[in-house]
file target-v1.csv (CSV, C-alpha atoms)
chain,number,residue,atom,x,y,z
A,1,MET,CA,71.0,-81.4,-76.5
A,2,THR,CA,67.9,-83.1,-75.1
A,3,ASN,CA,64.9,-83.3,-75.7
A,4,ALA,CA,61.4,-82.8,-76.8
A,5,SER,CA,60.0,-86.2,-75.8
A,6,ARG,CA,61.2,-86.0,-72.2
A,7,SER,CA,59.8,-82.5,-71.8
A,8,GLY,CA,56.5,-83.8,-73.0
A,9,ASP,CA,56.7,-86.6,-70.5
A,10,ASP,CA,57.4,-84.2,-67.7
A,11,ARG,CA,54.5,-81.9,-68.7
A,12,ARG,CA,52.2,-84.9,-68.7
A,13,ASP,CA,53.4,-85.9,-65.2
A,14,LEU,CA,52.7,-82.3,-64.0
A,15,GLU,CA,49.3,-82.4,-65.5
A,16,LEU,CA,48.5,-85.7,-63.8
A,17,ILE,CA,49.8,-84.4,-60.5
A,18,ALA,CA,47.6,-81.3,-60.8
A,19,ARG,CA,44.6,-83.5,-61.6
A,20,TRP,CA,45.2,-85.8,-58.6
A,21,LYS,CA,45.5,-82.7,-56.4
A,22,THR,CA,42.0,-81.7,-57.5
A,23,GLY,CA,40.7,-85.1,-56.5
A,24,ASP,CA,41.0,-87.1,-59.7
A,25,GLU,CA,42.1,-90.5,-58.3
A,26,ARG,CA,42.5,-91.9,-61.9
A,27,ALA,CA,45.4,-89.6,-62.4
A,28,ALA,CA,47.3,-91.6,-59.7
A,29,THR,CA,46.7,-94.8,-61.7
A,30,GLU,CA,48.3,-93.3,-64.8
A,31,LEU,CA,51.2,-91.9,-62.8
A,32,VAL,CA,51.9,-95.4,-61.4
A,33,GLU,CA,51.6,-97.0,-64.8
A,34,ARG,CA,54.0,-94.5,-66.3
A,35,HIS,CA,56.8,-95.0,-63.7
A,36,ALA,CA,56.4,-98.3,-61.9
A,37,SER,CA,58.4,-100.4,-64.4
A,38,ALA,CA,61.3,-98.0,-64.3
A,39,LEU,CA,61.4,-98.1,-60.5
A,40,ALA,CA,61.3,-101.9,-60.6
A,41,ARG,CA,64.2,-102.0,-63.1
A,42,PHE,CA,66.2,-99.6,-61.0
A,43,ALA,CA,65.6,-101.6,-57.8
A,44,LEU,CA,66.7,-104.8,-59.5
A,45,SER,CA,69.7,-103.3,-61.2
A,46,SER,CA,70.7,-101.7,-57.9
A,47,GLY,CA,70.9,-105.2,-56.4
A,48,GLU,CA,67.6,-105.4,-54.6
A,49,ARG,CA,66.9,-109.1,-54.5
A,50,SER,CA,63.5,-109.5,-52.9
A,51,ASP,CA,60.3,-107.6,-52.5
A,52,VAL,CA,60.9,-105.3,-55.4
A,53,ASP,CA,57.1,-104.9,-55.7
A,54,GLU,CA,56.9,-103.8,-52.1
A,55,LEU,CA,59.7,-101.3,-52.6
A,56,VAL,CA,58.0,-99.8,-55.7
A,57,GLN,CA,54.7,-99.6,-53.8
A,58,ASP,CA,56.4,-98.0,-50.8
A,59,THR,CA,58.1,-95.5,-53.1
A,60,PHE,CA,54.7,-94.4,-54.6
A,61,ILE,CA,53.1,-94.2,-51.1
A,62,ARG,CA,55.9,-92.0,-49.9
A,63,ALA,CA,55.7,-89.9,-53.0
A,64,PHE,CA,52.0,-89.4,-52.9
A,65,HIS,CA,52.1,-88.4,-49.2
A,66,SER,CA,54.7,-85.8,-50.2
A,67,LEU,CA,53.3,-84.7,-53.5
A,68,ASP,CA,52.4,-81.3,-52.2
A,69,GLY,CA,56.1,-80.7,-51.6
A,70,PHE,CA,57.0,-81.7,-55.2
A,71,ARG,CA,57.9,-78.4,-56.9
A,72,GLY,CA,58.8,-79.8,-60.3
A,73,ASP,CA,62.4,-78.7,-60.1
A,74,SER,CA,63.4,-82.1,-61.3
A,75,SER,CA,61.3,-84.5,-63.3
A,76,PHE,CA,58.8,-86.6,-61.5
A,77,ARG,CA,60.6,-89.8,-62.4
A,78,THR,CA,63.9,-88.5,-61.1
A,79,TRP,CA,62.1,-87.5,-57.8
A,80,LEU,CA,60.7,-91.0,-57.6
A,81,PHE,CA,64.2,-92.5,-58.1
A,82,THR,CA,65.5,-90.3,-55.3
A,83,ILE,CA,62.8,-91.6,-52.9
A,84,GLU,CA,63.3,-95.2,-54.0
A,85,ARG,CA,67.0,-95.0,-53.5
A,86,ARG,CA,66.5,-93.6,-49.9
A,87,LEU,CA,64.1,-96.4,-49.2
A,88,LEU,CA,66.6,-98.9,-50.6
A,89,LEU,CA,69.3,-97.6,-48.4
A,90,ASP,CA,67.1,-97.6,-45.3
A,91,ARG,CA,66.2,-101.3,-46.1
A,92,ARG,CA,69.9,-102.2,-46.4
A,93,ARG,CA,70.8,-100.4,-43.2
A,94,ALA,CA,68.0,-102.2,-41.3
A,95,GLU,CA,69.1,-105.5,-42.8
A,96,ARG,CA,72.7,-104.9,-41.9
A,97,ARG,CA,71.7,-104.2,-38.3
A,98,ARG,CA,69.5,-107.2,-38.2
A,99,ARG,CA,72.2,-109.5,-39.4
A,100,ASP,CA,74.8,-107.7,-37.3
A,101,ARG,CA,77.1,-107.6,-40.2
A,102,LEU,CA,79.8,-105.2,-41.2
A,103,GLU,CA,78.9,-102.5,-43.7
A,104,LEU,CA,78.9,-103.7,-47.2
A,105,GLN,CA,82.1,-102.5,-49.0
A,106,ASP,CA,82.3,-101.8,-52.7
A,107,ASP,CA,84.5,-104.9,-53.2
A,108,ASP,CA,81.7,-107.1,-51.8
A,109,ALA,CA,79.1,-105.7,-54.2
A,110,SER,CA,78.8,-108.7,-56.4
A,111,THR,CA,77.5,-110.8,-53.5
A,112,GLU,CA,74.2,-109.0,-53.5
A,113,TYR,CA,73.7,-109.2,-57.2
A,114,ASP,CA,73.4,-112.9,-57.8
A,115,ALA,CA,69.6,-112.9,-57.9
A,116,LEU,CA,69.7,-112.0,-61.6
A,117,ASP,CA,72.1,-114.7,-62.6
A,118,ALA,CA,69.3,-117.2,-63.2
A,119,LEU,CA,67.3,-114.7,-65.1
A,120,VAL,CA,69.8,-113.8,-67.8
A,121,ALA,CA,69.7,-116.4,-70.4
A,122,GLY,CA,72.3,-116.3,-73.2
A,123,GLU,CA,76.1,-116.5,-72.9
A,124,THR,CA,76.6,-112.9,-74.2
A,125,GLU,CA,74.0,-111.6,-71.8
A,126,GLN,CA,75.6,-113.6,-69.0
A,127,ARG,CA,78.9,-111.9,-69.6
A,128,LEU,CA,77.4,-108.5,-69.8
A,129,HIS,CA,75.5,-109.2,-66.6
A,130,HIS,CA,78.7,-110.3,-64.8
A,131,ALA,CA,80.4,-107.2,-66.1
A,132,VAL,CA,77.7,-105.0,-64.6
A,133,LYS,CA,77.6,-106.9,-61.3
A,134,ARG,CA,81.3,-106.3,-60.8
A,135,LEU,CA,80.8,-102.6,-60.6
A,136,SER,CA,80.7,-100.8,-57.3
A,137,PRO,CA,77.3,-100.0,-55.9
A,138,THR,CA,77.6,-96.3,-56.8
A,139,GLN,CA,78.9,-97.1,-60.3
A,140,ARG,CA,76.1,-99.5,-60.8
A,141,GLU,CA,73.5,-97.0,-59.7
A,142,VAL,CA,74.8,-94.4,-62.0
A,143,PHE,CA,75.2,-96.8,-64.9
A,144,ALA,CA,71.7,-98.2,-64.4
A,145,LEU,CA,70.2,-94.7,-64.5
A,146,ARG,CA,72.3,-93.6,-67.5
A,147,VAL,CA,72.1,-96.8,-69.6
A,148,GLY,CA,69.0,-98.4,-68.3
A,149,GLU,CA,66.8,-95.3,-67.9
A,150,GLY,CA,68.5,-92.7,-70.1
A,151,LEU,CA,68.7,-90.1,-67.4
A,152,SER,CA,71.0,-87.1,-68.0
A,153,TYR,CA,74.0,-86.5,-65.6
A,154,LYS,CA,72.1,-83.7,-64.0
A,155,GLU,CA,69.1,-86.0,-63.3
A,156,ILE,CA,71.4,-88.7,-62.0
A,157,ALA,CA,73.2,-86.3,-59.7
A,158,GLU,CA,69.8,-85.3,-58.2
A,159,ALA,CA,68.7,-88.9,-57.8
A,160,VAL,CA,71.8,-90.2,-56.1
A,161,GLY,CA,72.8,-87.0,-54.3
A,162,THR,CA,76.0,-86.2,-56.1
A,163,THR,CA,77.3,-83.7,-58.7
A,164,GLU,CA,77.0,-83.8,-62.5
A,165,GLY,CA,80.7,-84.1,-62.8
A,166,ALA,CA,80.9,-87.0,-60.3
A,167,ALA,CA,78.1,-88.8,-62.1
A,168,ARG,CA,79.9,-88.4,-65.4
A,169,VAL,CA,83.1,-89.8,-63.9
A,170,HIS,CA,81.2,-92.7,-62.4
A,171,TYR,CA,79.6,-93.5,-65.7
A,172,HIS,CA,82.8,-93.5,-67.7
A,173,ASN,CA,84.7,-95.5,-65.1
A,174,ALA,CA,81.9,-98.0,-65.1
A,175,MET,CA,82.0,-98.2,-68.9
A,176,ARG,CA,85.8,-98.7,-68.9
A,177,ALA,CA,85.4,-101.4,-66.3
A,178,VAL,CA,82.8,-103.2,-68.3
A,179,LYS,CA,84.9,-103.1,-71.4
A,180,GLU,CA,88.0,-104.3,-69.6
A,181,PHE,CA,86.0,-107.3,-68.2
A,182,LEU,CA,84.7,-108.1,-71.7
A,183,ASN,CA,88.1,-107.8,-73.2
A,184,ASP,CA,89.7,-110.3,-70.7
B,1,MET,CA,87.2,-103.0,-78.0
B,2,THR,CA,88.9,-99.5,-78.1
B,3,ASP,CA,87.5,-96.1,-77.1
B,4,CYS,CA,86.8,-93.4,-79.6
B,5,PRO,CA,88.8,-90.3,-78.8
B,6,ASN,CA,85.7,-88.2,-79.3
B,7,ALA,CA,84.5,-88.1,-75.7
B,8,GLU,CA,81.7,-85.7,-76.5
B,9,ILE,CA,80.1,-88.1,-78.9
B,10,ARG,CA,80.6,-91.1,-76.6
B,11,ASP,CA,79.0,-89.1,-73.8
B,12,ARG,CA,75.9,-88.8,-76.0
B,13,LEU,CA,75.5,-92.4,-77.0
B,14,PRO,CA,73.2,-93.3,-74.0
B,15,ASP,CA,71.0,-90.3,-75.0
B,16,LEU,CA,70.9,-91.6,-78.6
B,17,LEU,CA,69.9,-95.0,-77.3
B,18,HIS,CA,67.0,-93.5,-75.3
B,19,GLU,CA,66.1,-91.1,-78.1
B,20,ARG,CA,66.8,-88.1,-75.9
B,21,LEU,CA,68.7,-86.0,-78.4
B,22,ASP,CA,67.2,-83.1,-80.2
B,23,ALA,CA,67.3,-83.2,-84.0
B,24,ARG,CA,70.5,-81.3,-84.4
B,25,ALA,CA,72.5,-83.3,-81.8
B,26,ARG,CA,71.1,-86.5,-83.2
B,27,SER,CA,72.3,-85.6,-86.7
B,28,ALA,CA,75.8,-84.9,-85.4
B,29,VAL,CA,76.0,-88.2,-83.5
B,30,MET,CA,74.6,-90.2,-86.4
B,31,ALA,CA,77.1,-88.6,-88.8
B,32,HIS,CA,79.9,-89.5,-86.5
B,33,LEU,CA,78.6,-93.1,-86.2
B,34,ASP,CA,78.7,-93.5,-89.9
B,35,ALA,CA,82.5,-93.0,-89.8
B,36,CYS,CA,83.4,-94.5,-86.5
B,37,GLY,CA,83.4,-98.3,-85.8
B,38,ASP,CA,84.4,-97.8,-82.2
B,39,CYS,CA,81.3,-95.8,-81.4
B,40,ARG,CA,79.1,-98.1,-83.4
B,41,ALA,CA,80.5,-101.0,-81.3
B,42,GLU,CA,79.9,-99.0,-78.1
B,43,LEU,CA,76.4,-98.2,-79.1
B,44,GLU,CA,75.7,-101.9,-79.6
B,45,LEU,CA,77.3,-102.7,-76.3
B,46,LEU,CA,75.0,-100.1,-74.6
B,47,ARG,CA,72.0,-101.7,-76.3
B,48,GLY,CA,72.9,-105.1,-74.9
B,49,LEU,CA,73.6,-103.7,-71.4
B,50,ARG,CA,70.2,-101.9,-71.4
B,51,ASN,CA,68.6,-105.2,-72.2
B,52,VAL,CA,70.5,-106.9,-69.4
B,53,LEU,CA,69.5,-104.2,-66.9
B,54,ALA,CA,65.9,-104.7,-67.8
B,55,ALA,CA,66.0,-108.5,-67.7
B,56,GLY,CA,64.1,-110.3,-65.0
B,57,VAL,CA,61.9,-107.4,-64.1
B,58,ALA,CA,58.5,-108.9,-63.4
B,59,PRO,CA,55.4,-106.9,-64.5
B,60,VAL,CA,54.4,-104.5,-61.7
B,61,ASP,CA,50.9,-104.9,-60.2
B,62,VAL,CA,49.7,-101.4,-60.8
B,63,ALA,CA,46.3,-102.0,-59.4
B,64,ARG,CA,47.7,-103.2,-56.1
B,65,ILE,CA,49.9,-100.1,-55.8
B,66,VAL,CA,47.1,-97.8,-56.6
B,67,ARG,CA,44.9,-99.4,-54.0
B,68,ALA,CA,47.6,-98.8,-51.4
B,69,LEU,CA,48.0,-95.1,-52.3
B,70,PRO,CA,46.5,-92.6,-49.9
B,71,ALA,CA,43.4,-90.8,-51.0
B,72,ARG,CA,44.0,-87.2,-52.0
B,73,ALA,CA,41.5,-85.9,-49.4
B,74,ALA,CA,43.3,-87.8,-46.6
B,75,VAL,CA,46.7,-86.5,-47.7
B,76,ARG,CA,45.4,-82.9,-47.7
B,77,ARG,CA,43.8,-83.2,-44.3
B,78,ARG,CA,46.9,-84.8,-42.8
B,79,ARG,CA,49.0,-82.0,-44.2
B,80,LEU,CA,46.6,-79.4,-42.9
B,81,GLU,CA,46.7,-81.0,-39.4
B,82,TRP,CA,50.5,-81.1,-39.4
B,83,ARG,CA,50.7,-77.4,-40.4
B,84,ILE,CA,48.3,-76.5,-37.6
B,85,ALA,CA,50.1,-78.7,-35.1
B,86,ALA,CA,53.4,-77.1,-36.1
B,87,ALA,CA,52.0,-73.6,-35.8
B,88,VAL,CA,50.5,-74.3,-32.4
B,89,THR,CA,53.7,-75.8,-31.2
B,90,LEU,CA,55.6,-72.7,-32.3
B,91,LEU,CA,53.2,-70.6,-30.5
B,92,VAL,CA,53.5,-72.6,-27.3
B,93,ILE,CA,57.2,-72.9,-27.5
B,94,GLY,CA,57.4,-69.2,-28.1
B,95,GLY,CA,56.3,-68.7,-24.5
B,96,SER,CA,53.6,-66.3,-24.2
B,97,GLY,CA,51.1,-68.3,-26.3
B,98,ALA,CA,51.3,-71.1,-23.8
B,99,ALA,CA,50.3,-68.9,-20.9
B,100,VAL,CA,46.9,-68.3,-22.4
B,101,VAL,CA,46.0,-72.0,-22.0
B,102,THR,CA,47.7,-72.6,-18.7
B,103,ARG,CA,46.8,-69.5,-16.8
B,104,VAL,CA,45.1,-70.3,-13.5
B,105,GLY,CA,41.5,-69.3,-13.5
B,106,HIS,CA,41.0,-69.4,-17.2
B,107,PRO,CA,38.0,-71.5,-18.4
B,108,PHE,CA,40.3,-73.7,-20.4
B,109,ALA,CA,43.1,-74.0,-17.8
B,110,SER,CA,42.3,-77.6,-17.1
B,111,GLN,CA,43.2,-78.6,-20.7
B,112,SER,CA,46.8,-79.6,-21.0
B,113,THR,CA,48.9,-78.1,-23.8
B,114,SER,CA,50.4,-81.5,-24.3
B,115,ASP,CA,47.2,-83.3,-25.4
B,116,SER,CA,47.2,-81.7,-28.8
B,117,ARG,CA,44.0,-79.8,-28.1
B,118,SER,CA,44.4,-76.7,-30.1
B,119,ALA,CA,41.8,-74.4,-31.6
B,120,VAL,CA,43.2,-71.0,-31.8
B,121,VAL,CA,41.0,-68.1,-32.4
B,122,ARG,CA,41.9,-64.5,-33.1
B,123,GLN,CA,42.0,-62.3,-30.1
B,124,PRO,CA,40.1,-59.0,-30.3
B,125,GLN,CA,42.0,-56.0,-31.5
B,126,ALA,CA,42.2,-53.7,-28.5
B,127,THR,CA,44.2,-50.6,-28.2
B,128,PRO,CA,47.0,-50.6,-25.7
B,129,ASP,CA,45.2,-47.9,-23.8
B,130,SER,CA,42.3,-50.1,-23.1
B,131,GLN,CA,44.3,-52.8,-21.5
B,132,PRO,CA,44.5,-52.9,-17.7
B,133,GLN,CA,48.1,-52.8,-16.4
B,134,PRO,CA,48.7,-55.5,-13.9
B,135,SER,CA,50.7,-54.8,-10.8
B,136,THR,CA,54.1,-56.4,-10.3
B,137,SER,CA,52.6,-58.5,-7.6
B,138,ASP,CA,50.0,-59.9,-10.1
B,139,LEU,CA,52.8,-60.8,-12.4
B,140,ALA,CA,54.8,-62.5,-9.7
B,141,ALA,CA,51.9,-64.6,-8.7
B,142,ALA,CA,51.0,-65.7,-12.1
B,143,PRO,CA,52.2,-69.2,-13.1
B,144,GLN,CA,55.0,-69.4,-15.6
B,145,PRO,CA,55.2,-69.0,-18.5
B,146,VAL,CA,53.4,-65.7,-18.2
B,147,ALA,CA,51.2,-64.2,-20.8
B,148,SER,CA,51.6,-60.7,-21.7
B,149,PRO,CA,49.0,-58.5,-19.9
B,150,ARG,CA,47.3,-57.7,-23.2
B,151,GLN,CA,46.9,-61.4,-24.1
B,152,ALA,CA,45.7,-62.4,-20.7
B,153,ALA,CA,43.1,-59.7,-20.6
B,154,ALA,CA,41.9,-60.6,-24.0
B,155,THR,CA,41.6,-64.2,-23.1
B,156,LYS,CA,39.8,-63.6,-19.9
B,157,ALA,CA,37.2,-61.6,-21.8
B,158,ALA,CA,36.7,-64.3,-24.4
B,159,PRO,CA,33.7,-66.6,-24.4
B,160,GLU,CA,34.3,-70.1,-25.8
B,161,PRO,CA,33.6,-70.2,-29.5
B,162,SER,CA,31.7,-73.1,-30.9
B,163,PRO,CA,33.1,-75.1,-33.8
B,164,GLN,CA,30.3,-73.7,-35.9
B,165,GLN,CA,31.4,-70.2,-35.1
B,166,VAL,CA,35.0,-71.1,-36.1
B,167,ALA,CA,33.8,-72.6,-39.3
B,168,GLN,CA,31.7,-69.6,-40.2
B,169,GLY,CA,34.6,-67.3,-39.5
B,170,GLN,CA,33.1,-65.8,-36.4
B,171,THR,CA,36.4,-65.8,-34.7
B,172,GLU,CA,36.6,-62.4,-33.1
B,173,THR,CA,36.4,-63.9,-29.7
B,174,GLY,CA,39.8,-64.6,-28.2
B,175,LEU,CA,42.7,-67.1,-28.2
B,176,ALA,CA,41.6,-70.3,-26.7
B,177,MET,CA,42.1,-74.1,-26.9
B,178,THR,CA,39.2,-76.5,-27.5
B,179,GLY,CA,38.7,-79.9,-29.0
B,180,ARG,CA,41.1,-82.2,-30.8
B,181,LEU,CA,42.3,-81.5,-34.3
B,182,GLY,CA,40.9,-84.7,-35.5
B,183,GLU,CA,37.4,-83.7,-34.5
B,184,LEU,CA,37.4,-80.6,-36.7
B,185,SER,CA,36.2,-80.5,-40.2
B,186,GLU,CA,38.5,-79.5,-43.0
B,187,ALA,CA,36.8,-76.2,-43.3
B,188,GLU,CA,37.3,-75.6,-39.6
B,189,LEU,CA,40.9,-76.6,-39.9
B,190,ARG,CA,41.5,-74.1,-42.7
B,191,VAL,CA,39.8,-71.3,-40.8
B,192,LEU,CA,42.0,-72.2,-37.9
B,193,LEU,CA,45.2,-72.2,-39.9
B,194,LYS,CA,44.2,-68.9,-41.5
B,195,GLU,CA,43.7,-67.5,-38.0
B,196,ILE,CA,47.1,-68.7,-36.9
B,197,ASP,CA,48.7,-67.3,-39.9
B,198,GLU,CA,47.1,-63.9,-39.2
B,199,LEU,CA,48.0,-63.8,-35.5
B,200,GLU,CA,50.3,-60.8,-35.0
B,201,ALA,CA,53.4,-60.6,-32.9
B,202,LEU,CA,53.2,-64.1,-31.6
B,203,PRO,CA,55.2,-65.4,-30.0
B,204,ILE,CA,56.0,-62.2,-28.2
B,205,THR,CA,59.7,-61.9,-27.7
B,206,GLU,CA,59.7,-58.8,-25.5
B,207,PRO,CA,61.1,-59.5,-22.1
B,208,GLU,CA,58.6,-59.6,-19.3
B,209,PRO,CA,59.1,-57.4,-16.3
B,210,VAL,CA,61.2,-59.1,-13.6
B,211,VAL,CA,60.6,-58.4,-10.0
B,212,ILE,CA,63.5,-59.1,-7.7
B,213,PRO,CA,62.5,-59.2,-4.1
B,214,ILE,CA,65.0,-57.4,-2.0
B,215,ALA,CA,65.0,-57.6,1.7
B,216,ALA,CA,65.0,-54.3,3.5
B,217,GLY,CA,68.5,-53.1,4.3
B,218,LYS,CA,70.2,-55.9,2.2
B,219,ARG,CA,72.5,-54.9,-0.6
B,220,VAL,CA,72.3,-57.0,-3.8
B,221,SER,CA,75.1,-56.9,-6.4
B,222,PRO,CA,74.1,-56.5,-10.0
B,223,ARG,CA,75.0,-60.2,-10.6
B,224,GLY,CA,72.9,-61.3,-7.7
B,225,ALA,CA,75.9,-62.8,-5.9
call {"tool": "encode", "arguments": {"input": "target-v1.csv", "output": "structure tokens"}}
result
Amino acid sequence: MTNASRSGDDRRDLELIARWKTGDERAATELVERHASALARFALSSGERSDVDELVQDTFIRAFHSLDGFRGDSSFRTWLFTIERRLLLDRRRAERRRRDRLELQDDDASTEYDALDALVAGETEQRLHHAVKRLSPTQREVFALRVGEGLSYKEIAEAVGTTEGAARVHYHNAMRAVKEFLND
Amino acid sequence: MTDCPNAEIRDRLPDLLHERLDARARSAVMAHLDACGDCRAELELLRGLRNVLAAGVAPVDVARIVRALPARAAVRRRRLEWRIAAAVTLLVIGGSGAAVVTRVGHPFASQSTSDSRSAVVRQPQATPDSQPQPSTSDLAAAPQPVASPRQAAATKAAPEPSPQQVAQGQTETGLAMTGRLGELSEAELRVLLKEIDELEALPITEPEPVVIPIAAGKRVSPRGA
């Protein structure tokens, strides 16, 4: 089904990683350029309100420290999403402990997503934004990776630590919820 | 907005949006779109949602991130040090390896195993016949954990290797501890790791002889009760 262009992207990533391993530091620059924006988008659409830059930077630092362990079983970008998501979860746990608050429930998800409100301009976009922000955190993660980044269910499953089938169900449930909100 | 009953096509719409379909799949989806208003509407919705998801993302400062990245050489060295530290830890935890550095009277006995000093050098290949067999009293007097007789003898006979010797691969001298990992060059670390990898039968899992002192005339049950 998919796809020549992504395979080419993956090959390019592997070439750059190999070059970096031989000491070519410029390869690191290109790897960051290729994936930093996608990581920032995912962070924001996952509800990260502040320090997105820092999160993206930490993701790359963690990735480059572990690059010898990257076997290429998944795409480099999927691997980066996995790392970023773990960092995001760590941050949230730390923040929860700091605030001494109860664990965030799915029903409370919209409270962490208000940062984007001011950034989405038109009325249609506002409605779409509100539709997305009502999704549960898991649905939103899957939806962001599927619609925002175009990942396959297999890649999403790797990134969020679930199965392909579960990722597909989350996506379709999210899509149904978005449509229901827009139809109201 | 209603859902098209063709779930397979709907499933592929995000792939079409991101141009992730091969030519054949793309043709099939496009042909379906020509005839299906629901799927065209869903594709438009997905396009709008993708834009919303990308909204508000500030440009990332690539240069700043790159400056913060670890240099390749540093990562490689750190990884090497971790591998060596892990290998040495396994040797020490294994039991008999630790005895080599803690044995009383050994030139390196004053160096603690806990201070991360660890330069391990291959012990000479001696035949079992050439090894002295310690008496049970020697074994009982030795501090625990106890090295195997073969290792202890090999270590006693080993002069301290210089880092240059290690780097040059002149390592046929014995198993010993010297210097901090951080003081070794990368070449030395690699030689060290190679030597650890090539160590045979370490840690030794064979049980050591146990001497149970029995007072004359006193009967001891097998359970020692």
call {"tool": "residues_around", "arguments": {"input": "target-v1.csv", "residues": "A:Arg71", "least_positions_apart": "6", "cutoff": "12 Å", "atoms": "only C-alpha atoms", "output": "list in words"}}
result
Leu14, Ile17, Ala18 and Trp79 of chain A
call {"tool": "atom_distance", "arguments": {"input": "target-v1.csv", "atom1": "atom CA of A:Arg176", "atom2": "atom CA of A:Val160"}}
result
20.8 Å
call {"tool": "atom_distance", "arguments": {"input": "target-v1.csv", "atom1": "atom CA of A:Glu30", "atom2": "atom CA of A:Thr59"}}
result
15.4 Å
call {"tool": "atom_distance", "arguments": {"input": "target-v1.csv", "atom1": "atom CA of A:Thr82", "atom2": "atom CA of B:Ala25"}}
result
28.3 Å
call {"tool": "interface_residues", "arguments": {"input": "target-v1.csv", "of": "chain B", "to": "chain A", "cutoff": "8 Å", "atoms": "all atoms listed in the file", "output": "PyMOL selection string"}}
result
chain B and resi 1+14-15+17-18+20-22+24-25+46+48-57+59-63+65-66+68-73+75
call {"tool": "closest_residue", "arguments": {"input": "target-v1.csv", "among": "B:Ala41, B:Ala35, B:Ile84, B:Leu90", "to": "B:Asp3", "atoms": "all atoms listed in the file"}}
result
B:Ala41
call {"tool": "closest_residue", "arguments": {"input": "target-v1.csv", "among": "A:Glu15, A:Asp184, A:Asp73, A:Glu84", "to": "A:Glu155", "atoms": "only C-alpha atoms"}}
result
A:Asp73
call {"tool": "closest_residue", "arguments": {"input": "target-v1.csv", "among": "A:Ala177, A:Ser74, A:Ala27, A:Glu48", "to": "A:Ala157", "atoms": "only C-alpha atoms"}}
result
A:Ser74
call {"tool": "closest_residue", "arguments": {"input": "target-v1.csv", "among": "B:Ile9, B:Ala86, B:Glu81, B:Glu19", "to": "B:Arg190", "atoms": "only C-alpha atoms"}}
result
B:Glu81
